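J.: Before I ask anything, let me first share the structure, which is written out below as structure tokens.
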Amino acid sequence: MALLSPEIVSWLRHHQRISHGVIALAWSLFFIVFFLRPGPVQRELKKIDLHFADELAVHGRLTPPNPDIVFLGIDNASTQLDALDPELIKKDPLLSLMAKDWPWSREVYAAVLDRLTQVGARAVIFDILFLHPTPHDALFKAALDRAGERVVLGCNVLDQGESLDLPSDTILPQTLPLDPRTAMVNFWPDPEDNSIRRTRFQIPYVGPSIGQAHSDIMVDSIAARVLKIAGQESRVPASGQAYWFRFTGGPGRSFKTYSLYQLFYAPDWENVFQEGAFFKGKIVMVGPKGNFQQDEHNTPFGLMDGAEIHLQALNAAMHGELFFYSGTDPFWVIGLVALAGFIAWLLGITMERVTLRRVALGAVLAATLGAGYFVSGIQLYSHGIILAAAAPFGTLVFTMVTGLGGQYILEHFERTRTRRFFERYVSAKIVREIMDNPGGYDESRSGRRREVTILFSDLRGFTSITEQADSEQLVRELNEYFQEMTRALFQHNGILDKFIGDAVMAVWGSFQPHPQDDCRQAILAGLAMHRELAALNVRRRERGLADLAMGVGINHGEAVVGDIGSAQQMNFTVIGDSVNLASRLEGTTKEYGVGLLISETVEELVRPFFHLQTVDSIVVKGRVKPVMTYTVHGLKEEPLPATKAAYLEKYEEAMRLYRTEKFAQAREGFAACLELCPGDELAGTFEERSAEFASNPPPQPWDGSYTMETK
């Protein structure tokens, strides 16, 4: 408390510029130091910067896809051939071979390569590792020899170039220098989030020699190898550094993509590929599509096939859309952080007093600055410059939050302490609305008519419990019960009006009515009260106590809101016929065996949100006009069990028959409901009434209502 003494608070309020300046300087130094200093904080800042760069990549300029790049995907459709006629598969030797087994015989790849090279494909890439010898390697090797240097096979670089996983020497010789038809399939994702944003076009091989001495041997990536085949060797970056590449877009939306089986499916070969003319001069990637070979990787655009990432890198290089990035220059980061701290300081000192509205305005200004920074970042990204985001925005946000938040806490310290004092005696909702809107409360105190929602709940059979329990135990049990019920009400913005014996009365909308939301929150509160009671009963049974049962009634309508009482004791409450009806509905719940009952005025507002069940048109004691009532089975966003859904459908149809005086058919319908939900009191009640009315029709005219004899 000493830190919040009046003297300290006064000094801080009168020296805002100094205090905000100290805060801005402290946060600026913090982010500069930890941006430059390796460690966990730097890694987190870098992760944020990478995610910011991803957003720039997604919303910034994209590289147009090269129309001469084609992706033949080895997907489930190709490995299973489910879409093809089994008889057609049997007649075609290649399709039969593909359908026979996975992994495929290398005879399949030989046929793929022959077919593509025969129709004039410029380059054929296999993003596949052929590491081990198989029985049909001679066929594949012969196809490779026929293709010459137009083909690229994948190899795997291990331990940063210390060793290689090369194709089996039964299809390509394992020597150094490497066979020019070999290229690495590797990507090195950023360790902060295991996402691929960059690629290396070459990596030095530093491992042991294979077949002969070597020096300065560089292993090409697939993209680099294809660039050389395509006569664009000048596009291959000279260094072995990782280069950012600009994507063409999300997965599957960039390059022409087909299932590999279409290459051998006659209708597609003729109609889609124009008997091979489609592939003339094209660069064709053959590789896994989908994740059935665990070859999907994180990218700024989400999960993407490894083969497609190779094509993205190749396409970017062909368009000159590569740029080297090793982290934003520290000089510029320091400048951006200093600018962010200065802006945050300016925003802080312009607010002599901090209110929620001004804090919101500051947040809007910060968001506007963020949007402007993002737009600027997109423009710079288009020119190969990636702005840092974490340190500058961390400085801006933390300075504003710390400075303005601290000032807000100081200014509202006494108010908060006062609020907490009153919340010990009345609901937090009333206290908040009084303090946030004192004018509205003053108007309400004098008495105003408002549309309110009223909830009544009452324990059933509690009188017998009071006769058996001693006074101390009774108070403990009631306090425990009220504690749970009050929490449920407050969680759903209810205003606790009063306790009446073992009953609870709550109100929504007495200050600022929002009819639909008030009714929705009241029902949610009623359902929550039943859940809390069920949990309480579990604890009571463990202590050897009897279960408690409860009814809840909810009504919506006009009532008088204001201070009511005497000069010595006043109570802020609501009165009127709508309040009385809510109380009567609560009492009616036990007549129909339901836990919660709502009126037709509530039903009209909440039907889109809840599973409702028609109960009855009733005339409660003290009223002449009938009111239609309903019970609730939960939120519509939570699907009902199949049995319950079927029950409600049959019940509503039976109720329609009942209300149109087709009592014999209604009785059968309610009986069917009981078969689905044995012991259901509501269906049982209407089965009995329908049977009675079938034998002794009600006096005419009959409006379908039922008059309650008790409260």
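Every chain in the structure tokens takes a letter, A first, then B, and so on in the order presented; its residues are numbered from 1, and the ligands are numbered from 1 following the presented order.
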Can you list every residue in segment 511-565 of chain A that DSSP puts in helix (DSSP H, G or I), as a list in words?
T.: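 Matching residues, listed in order: Pro515, Gln516, Asp517, Asp518, Cys519, Arg520, Gln521, Ala522, Ile523, Leu524, Ala525, Gly526, Leu527, Ala528, Met529, His530, Arg531, Glu532, Leu533, Ala534, Ala535, Leu536, Asn537, Val538, Arg539, Arg540, Arg541 and Glu542 of chain A.
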J.: Please give the complete set of residues from segment 478-703 of chain A that DSSP, run on the backbone, assigns to strand (DSSP E or B), formatted as a ChimeraX atom specification.
T.: /A:495-500,503-508,549-565,570-575,596-599,610-619,627-635
J.: So, with only C-alpha atoms as the atoms that count, which of A:Leu635, A:Leu682, A:Ala123, A:Ile217 lies closest to Arg607 of chain A?
T.: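 Checking each candidate against Arg607 of chain A, we get A:Leu635 as the closest.
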J.: Could you tell me how far atom CA of Gly73 of chain A sits from atom CA of Ala313 of chain A, in Å to one decimal place?
T.: 17.5 Å
J.: Excluding same-chain residues fewer than 6 positions from Asp179 of chain A, what lies within 12 Å of it counting only C-alpha atoms, as a PyMOL selection string?
T.: chain A and resi 144-145+148-149+151-155+166-167+169+171-173+210+217-220+225
J.: Emit the selected residues as a PDB file, in the first residue's frame, including N, CA, C and O atoms.
T.:
```pdb
ATOM      1  N   LEU A 144      17.134 -44.097 -67.948  1.00  0.00           N
ATOM      2  CA  LEU A 144      17.941 -42.943 -67.569  1.00  0.00           C
ATOM      3  C   LEU A 144      19.000 -42.645 -68.626  1.00  0.00           C
ATOM      4  O   LEU A 144      19.260 -41.479 -68.960  1.00  0.00           O
ATOM      5  N   ASP A 145      19.611 -43.690 -69.140  1.00  0.00           N
ATOM      6  CA  ASP A 145      20.637 -43.489 -70.167  1.00  0.00           C
ATOM      7  C   ASP A 145      20.026 -42.898 -71.428  1.00  0.00           C
ATOM      8  O   ASP A 145      20.636 -42.046 -72.091  1.00  0.00           O
ATOM      9  N   GLY A 148      19.379 -39.160 -70.880  1.00  0.00           N
ATOM     10  CA  GLY A 148      20.556 -38.305 -70.810  1.00  0.00           C
ATOM     11  C   GLY A 148      20.447 -37.324 -69.652  1.00  0.00           C
ATOM     12  O   GLY A 148      19.945 -37.652 -68.578  1.00  0.00           O
ATOM     13  N   GLU A 149      20.908 -36.098 -69.876  1.00  0.00           N
ATOM     14  CA  GLU A 149      20.962 -35.121 -68.793  1.00  0.00           C
ATOM     15  C   GLU A 149      19.670 -34.332 -68.647  1.00  0.00           C
ATOM     16  O   GLU A 149      19.625 -33.308 -67.964  1.00  0.00           O
ATOM     17  N   VAL A 151      17.187 -35.583 -67.111  1.00  0.00           N
ATOM     18  CA  VAL A 151      16.544 -36.160 -65.932  1.00  0.00           C
ATOM     19  C   VAL A 151      17.324 -35.775 -64.683  1.00  0.00           C
ATOM     20  O   VAL A 151      18.537 -35.583 -64.722  1.00  0.00           O
ATOM     21  N   VAL A 152      16.586 -35.633 -63.570  1.00  0.00           N
ATOM     22  CA  VAL A 152      17.195 -35.310 -62.279  1.00  0.00           C
ATOM     23  C   VAL A 152      16.671 -36.305 -61.255  1.00  0.00           C
ATOM     24  O   VAL A 152      15.445 -36.476 -61.110  1.00  0.00           O
ATOM     25  N   LEU A 153      17.582 -36.974 -60.538  1.00  0.00           N
ATOM     26  CA  LEU A 153      17.213 -37.886 -59.456  1.00  0.00           C
ATOM     27  C   LEU A 153      17.627 -37.274 -58.128  1.00  0.00           C
ATOM     28  O   LEU A 153      18.665 -36.613 -58.031  1.00  0.00           O
ATOM     29  N   GLY A 154      16.839 -37.532 -57.097  1.00  0.00           N
ATOM     30  CA  GLY A 154      17.113 -36.946 -55.796  1.00  0.00           C
ATOM     31  C   GLY A 154      18.171 -37.705 -55.016  1.00  0.00           C
ATOM     32  O   GLY A 154      18.286 -38.934 -55.104  1.00  0.00           O
ATOM     33  N   CYS A 155      18.983 -36.964 -54.281  1.00  0.00           N
ATOM     34  CA  CYS A 155      19.886 -37.548 -53.289  1.00  0.00           C
ATOM     35  C   CYS A 155      19.737 -36.755 -52.004  1.00  0.00           C
ATOM     36  O   CYS A 155      19.169 -35.655 -51.998  1.00  0.00           O
ATOM     37  N   LEU A 166      23.058 -41.403 -51.936  1.00  0.00           N
ATOM     38  CA  LEU A 166      22.956 -41.301 -53.390  1.00  0.00           C
ATOM     39  C   LEU A 166      22.067 -42.399 -53.947  1.00  0.00           C
ATOM     40  O   LEU A 166      21.817 -43.413 -53.283  1.00  0.00           O
ATOM     41  N   PRO A 167      21.575 -42.211 -55.174  1.00  0.00           N
ATOM     42  CA  PRO A 167      20.829 -43.297 -55.805  1.00  0.00           C
ATOM     43  C   PRO A 167      21.682 -44.557 -55.877  1.00  0.00           C
ATOM     44  O   PRO A 167      22.919 -44.503 -55.960  1.00  0.00           O
ATOM     45  N   ASP A 169      23.837 -47.587 -57.011  1.00  0.00           N
ATOM     46  CA  ASP A 169      24.742 -47.645 -58.161  1.00  0.00           C
ATOM     47  C   ASP A 169      24.259 -48.609 -59.232  1.00  0.00           C
ATOM     48  O   ASP A 169      24.862 -48.716 -60.299  1.00  0.00           O
ATOM     49  N   ILE A 171      21.528 -48.007 -60.691  1.00  0.00           N
ATOM     50  CA  ILE A 171      20.866 -47.136 -61.669  1.00  0.00           C
ATOM     51  C   ILE A 171      21.726 -45.930 -62.039  1.00  0.00           C
ATOM     52  O   ILE A 171      21.652 -45.428 -63.155  1.00  0.00           O
ATOM     53  N   LEU A 172      22.563 -45.441 -61.104  1.00  0.00           N
ATOM     54  CA  LEU A 172      23.503 -44.357 -61.396  1.00  0.00           C
ATOM     55  C   LEU A 172      24.820 -44.656 -60.684  1.00  0.00           C
ATOM     56  O   LEU A 172      24.813 -45.088 -59.524  1.00  0.00           O
ATOM     57  N   PRO A 173      25.940 -44.400 -61.313  1.00  0.00           N
ATOM     58  CA  PRO A 173      27.223 -44.644 -60.637  1.00  0.00           C
ATOM     59  C   PRO A 173      27.419 -43.679 -59.475  1.00  0.00           C
ATOM     60  O   PRO A 173      27.089 -42.506 -59.574  1.00  0.00           O
ATOM     61  N   ILE A 210      34.320 -40.646 -53.191  1.00  0.00           N
ATOM     62  CA  ILE A 210      33.638 -41.833 -53.696  1.00  0.00           C
ATOM     63  C   ILE A 210      34.255 -42.158 -55.045  1.00  0.00           C
ATOM     64  O   ILE A 210      33.958 -41.524 -56.057  1.00  0.00           O
ATOM     65  N   ILE A 217      33.829 -29.602 -54.389  1.00  0.00           N
ATOM     66  CA  ILE A 217      32.656 -30.158 -55.062  1.00  0.00           C
ATOM     67  C   ILE A 217      31.407 -29.564 -54.439  1.00  0.00           C
ATOM     68  O   ILE A 217      31.226 -29.581 -53.218  1.00  0.00           O
ATOM     69  N   MET A 218      30.544 -29.024 -55.271  1.00  0.00           N
ATOM     70  CA  MET A 218      29.277 -28.470 -54.815  1.00  0.00           C
ATOM     71  C   MET A 218      28.148 -29.397 -55.254  1.00  0.00           C
ATOM     72  O   MET A 218      28.113 -29.843 -56.409  1.00  0.00           O
ATOM     73  N   VAL A 219      27.239 -29.676 -54.339  1.00  0.00           N
ATOM     74  CA  VAL A 219      26.075 -30.499 -54.649  1.00  0.00           C
ATOM     75  C   VAL A 219      24.929 -29.556 -54.988  1.00  0.00           C
ATOM     76  O   VAL A 219      24.546 -28.709 -54.182  1.00  0.00           O
ATOM     77  N   ASP A 220      24.390 -29.683 -56.196  1.00  0.00           N
ATOM     78  CA  ASP A 220      23.286 -28.831 -56.624  1.00  0.00           C
ATOM     79  C   ASP A 220      21.978 -29.258 -55.978  1.00  0.00           C
ATOM     80  O   ASP A 220      21.747 -30.449 -55.724  1.00  0.00           O
ATOM     81  N   ARG A 225      19.840 -27.657 -60.416  1.00  0.00           N
ATOM     82  CA  ARG A 225      20.115 -28.589 -61.521  1.00  0.00           C
ATOM     83  C   ARG A 225      19.188 -28.323 -62.699  1.00  0.00           C
ATOM     84  O   ARG A 225      19.607 -28.318 -63.864  1.00  0.00           O
TER      85      ARG A 225
END
```
J.: Write out as a PyMOL selection string each polymer residue whose atoms come within 12 Å of Glu675 of chain A, counting only C-alpha atoms; drop sequence neighbours fewer than 2 positions from it.
T.: chain A and resi 643-644+646-647+650-651+668-673+677-680+683-684
J.: Calculate how many Å separate atom CA of Met655 of chain A from atom CA of Leu524 of chain A, rounding to one decimal.
T.: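 Calculated distance between atom CA of Met655 of chain A and atom CA of Leu524 of chain A is 25.6 Å.
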J.: Measuring between only C-alpha atoms, which one of A:Ile575, A:Ala654, A:Ile386, A:Ala111 shows the shortest distance to Ala57 of chain A?
T.: A:Ile386
J.: Which polymer residues have any atom within 10 Å of an atom of Leu365 of chain A, counting only C-alpha atoms, with same-chain residues fewer than 6 positions away left out, as a PDB file with N, CA, C and O atoms, in the first residue's frame?
T.:
```pdb
ATOM      1  N   LEU A 347       2.177   9.307 -27.308  1.00  0.00           N
ATOM      2  CA  LEU A 347       0.803   8.894 -27.053  1.00  0.00           C
ATOM      3  C   LEU A 347       0.488   8.943 -25.566  1.00  0.00           C
ATOM      4  O   LEU A 347      -0.618   9.308 -25.157  1.00  0.00           O
ATOM      5  N   VAL A 359      -7.975   4.925 -23.521  1.00  0.00           N
ATOM      6  CA  VAL A 359      -7.154   3.738 -23.731  1.00  0.00           C
ATOM      7  C   VAL A 359      -7.552   3.064 -25.040  1.00  0.00           C
ATOM      8  O   VAL A 359      -6.704   2.616 -25.815  1.00  0.00           O
ATOM      9  N   ALA A 371      -0.960  -1.179 -38.755  1.00  0.00           N
ATOM     10  CA  ALA A 371      -1.423  -1.408 -40.125  1.00  0.00           C
ATOM     11  C   ALA A 371      -0.525  -0.681 -41.126  1.00  0.00           C
ATOM     12  O   ALA A 371      -0.166  -1.223 -42.182  1.00  0.00           O
TER      13      ALA A 371
END
```
J.: Tell me which of A:Trp102, A:Tyr481, A:Phe278, A:Phe610 sits closest to Asp458 of chain A, counting only C-alpha atoms.
T.: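 Under the stated criterion, the closest residue is A:Tyr481.
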J.: For atom CA of Tyr265 of chain A and atom CA of Lys100 of chain A, quote the distance in Å rounded to one decimal.
T.: 16.0 Å
J.: Using only C-alpha atoms, determine which residues lie at most 8 Å from Glu451 of chain A, disregarding the query and same-chain residues fewer than 3 positions distant; provide the list as a list in words.
T.: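 My reading of the contact set: Gly509, Ser510, Pro513, Pro515, His556, Gly557, Glu558 and Ala559 of chain A.
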J.: For each of A:Ala691, A:Phe301, A:Leu605, A:Lys625, take the minimum atom-to-atom distance to Ala53 of chain A, counting only C-alpha atoms, then give the residue where this is smallest.
T.: A:Phe301
J.: Using only C-alpha atoms for the distances, tell me which of A:Thr248, A:Leu131, A:His20, A:Thr395 is nearest to Ile349 of chain A.
T.: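 Comparing A:Thr248, A:Leu131, A:His20, A:Thr395 against Ile349 of chain A, the winner is A:His20.
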J.: Which is closest to Asp54 of chain A among A:Ser695, A:Thr399, A:Ser195, A:Ser457, if we use only C-alpha atoms?
T.: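 Comparing A:Ser695, A:Thr399, A:Ser195, A:Ser457 against Asp54 of chain A, the winner is A:Ser195.
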J.: With the cut-off set at 12 Å and counting only C-alpha atoms, tabulate each residue of segment 219-320 of chain A with an atom at most that distance from an atom of segment 203-206 of chain A, showing the nearest atom pair and its distance in Å to one decimal, ordered by chain and increasing number, as a tab-separated table.
T.:
```
residue	atom	partner	partner_atom	distance
A:Val219	CA	A:Ile203	CA	5.3
A:Asp220	CA	A:Ile203	CA	6.8
A:Ser221	CA	A:Ile203	CA	8.1
A:Ile222	CA	A:Ile203	CA	11.8
A:Ala224	CA	A:Ile203	CA	10.9
A:Pro237	CA	A:Ile203	CA	11.2
A:Ala238	CA	A:Ile203	CA	10.4
A:Ser239	CA	A:Ile203	CA	8.6
A:Gly240	CA	A:Ile203	CA	5.3
A:Gln241	CA	A:Ile203	CA	8.2
A:Ala242	CA	A:Ile203	CA	9.6
```
J.: Just want the 8 Å neighbourhood of segment 285-298 of chain A, counted on only C-alpha atoms, with same-chain residues fewer than 5 positions away dropped. Output as a compact mmCIF listing (two decimals) with N, CA, C and O atoms, in the first residue's frame.
T.:
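The file below, selection-v6.txt, is the result:
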```
# COMPACT_ATOMS: atom_id res chain seq x y z
N ILE A 69 5.90 -25.34 -66.05
CA ILE A 69 6.21 -26.24 -64.94
C ILE A 69 4.98 -27.08 -64.64
O ILE A 69 3.88 -26.55 -64.45
N VAL A 70 5.15 -28.38 -64.60
CA VAL A 70 4.05 -29.32 -64.39
C VAL A 70 4.41 -30.25 -63.23
O VAL A 70 5.56 -30.69 -63.10
N PHE A 71 3.42 -30.55 -62.41
CA PHE A 71 3.61 -31.44 -61.26
C PHE A 71 2.78 -32.70 -61.48
O PHE A 71 1.55 -32.65 -61.52
N LEU A 72 3.46 -33.84 -61.68
CA LEU A 72 2.79 -35.14 -61.73
C LEU A 72 2.89 -35.76 -60.34
O LEU A 72 3.97 -36.21 -59.93
N GLY A 73 1.81 -35.75 -59.61
CA GLY A 73 1.83 -36.17 -58.21
C GLY A 73 1.60 -37.66 -58.04
O GLY A 73 0.69 -38.25 -58.63
N ILE A 74 2.46 -38.28 -57.24
CA ILE A 74 2.23 -39.67 -56.82
C ILE A 74 1.32 -39.58 -55.60
O ILE A 74 1.76 -39.35 -54.47
N ASP A 75 0.04 -39.71 -55.84
CA ASP A 75 -0.95 -39.52 -54.79
C ASP A 75 -1.73 -40.81 -54.56
O ASP A 75 -1.46 -41.84 -55.17
N ASN A 76 -2.70 -40.72 -53.66
CA ASN A 76 -3.51 -41.91 -53.35
C ASN A 76 -4.25 -42.40 -54.59
O ASN A 76 -4.42 -43.61 -54.77
N VAL A 124 12.88 -33.81 -66.61
CA VAL A 124 12.04 -34.68 -65.78
C VAL A 124 12.73 -34.83 -64.43
O VAL A 124 13.90 -35.25 -64.37
N ILE A 125 12.04 -34.45 -63.38
CA ILE A 125 12.60 -34.47 -62.03
C ILE A 125 11.91 -35.56 -61.23
O ILE A 125 10.68 -35.64 -61.19
N PHE A 126 12.70 -36.39 -60.56
CA PHE A 126 12.16 -37.38 -59.64
C PHE A 126 12.53 -36.96 -58.22
O PHE A 126 13.69 -37.08 -57.82
N ASP A 127 11.56 -36.41 -57.50
CA ASP A 127 11.80 -36.05 -56.09
C ASP A 127 11.60 -37.29 -55.23
O ASP A 127 10.75 -37.35 -54.35
N ILE A 128 12.41 -38.29 -55.53
CA ILE A 128 12.32 -39.59 -54.87
C ILE A 128 13.74 -40.08 -54.64
O ILE A 128 14.63 -39.87 -55.48
N ASN A 194 10.32 -24.67 -37.47
CA ASN A 194 10.36 -25.80 -38.40
C ASN A 194 9.59 -25.50 -39.68
O ASN A 194 8.91 -26.37 -40.23
N SER A 195 9.71 -24.29 -40.17
CA SER A 195 9.01 -23.88 -41.39
C SER A 195 10.04 -23.55 -42.48
O SER A 195 11.12 -23.03 -42.19
N ILE A 196 9.67 -23.86 -43.72
CA ILE A 196 10.59 -23.64 -44.84
C ILE A 196 10.26 -22.31 -45.51
O ILE A 196 9.13 -22.11 -45.99
N LEU A 260 -0.30 -38.94 -61.32
CA LEU A 260 0.63 -39.59 -62.22
C LEU A 260 -0.06 -40.67 -63.07
O LEU A 260 0.32 -40.90 -64.21
N LEU A 303 0.88 -26.13 -44.91
CA LEU A 303 1.54 -27.36 -45.31
C LEU A 303 1.61 -27.45 -46.84
O LEU A 303 0.63 -27.18 -47.52
N MET A 304 2.77 -27.86 -47.34
CA MET A 304 2.97 -27.93 -48.78
C MET A 304 3.81 -29.16 -49.08
O MET A 304 4.73 -29.52 -48.33
N ASP A 305 3.49 -29.84 -50.20
CA ASP A 305 4.27 -31.00 -50.62
C ASP A 305 5.71 -30.59 -50.88
O ASP A 305 5.99 -29.53 -51.46
N GLY A 306 6.65 -31.48 -50.48
CA GLY A 306 8.05 -31.18 -50.72
C GLY A 306 8.37 -30.95 -52.18
O GLY A 306 9.14 -30.05 -52.53
N ALA A 307 7.74 -31.75 -53.06
CA ALA A 307 7.98 -31.57 -54.49
C ALA A 307 7.54 -30.19 -54.95
O ALA A 307 8.22 -29.54 -55.77
N LEU A 311 9.51 -26.83 -56.69
CA LEU A 311 9.04 -26.07 -57.85
C LEU A 311 8.90 -24.60 -57.52
O LEU A 311 9.15 -23.73 -58.38
```
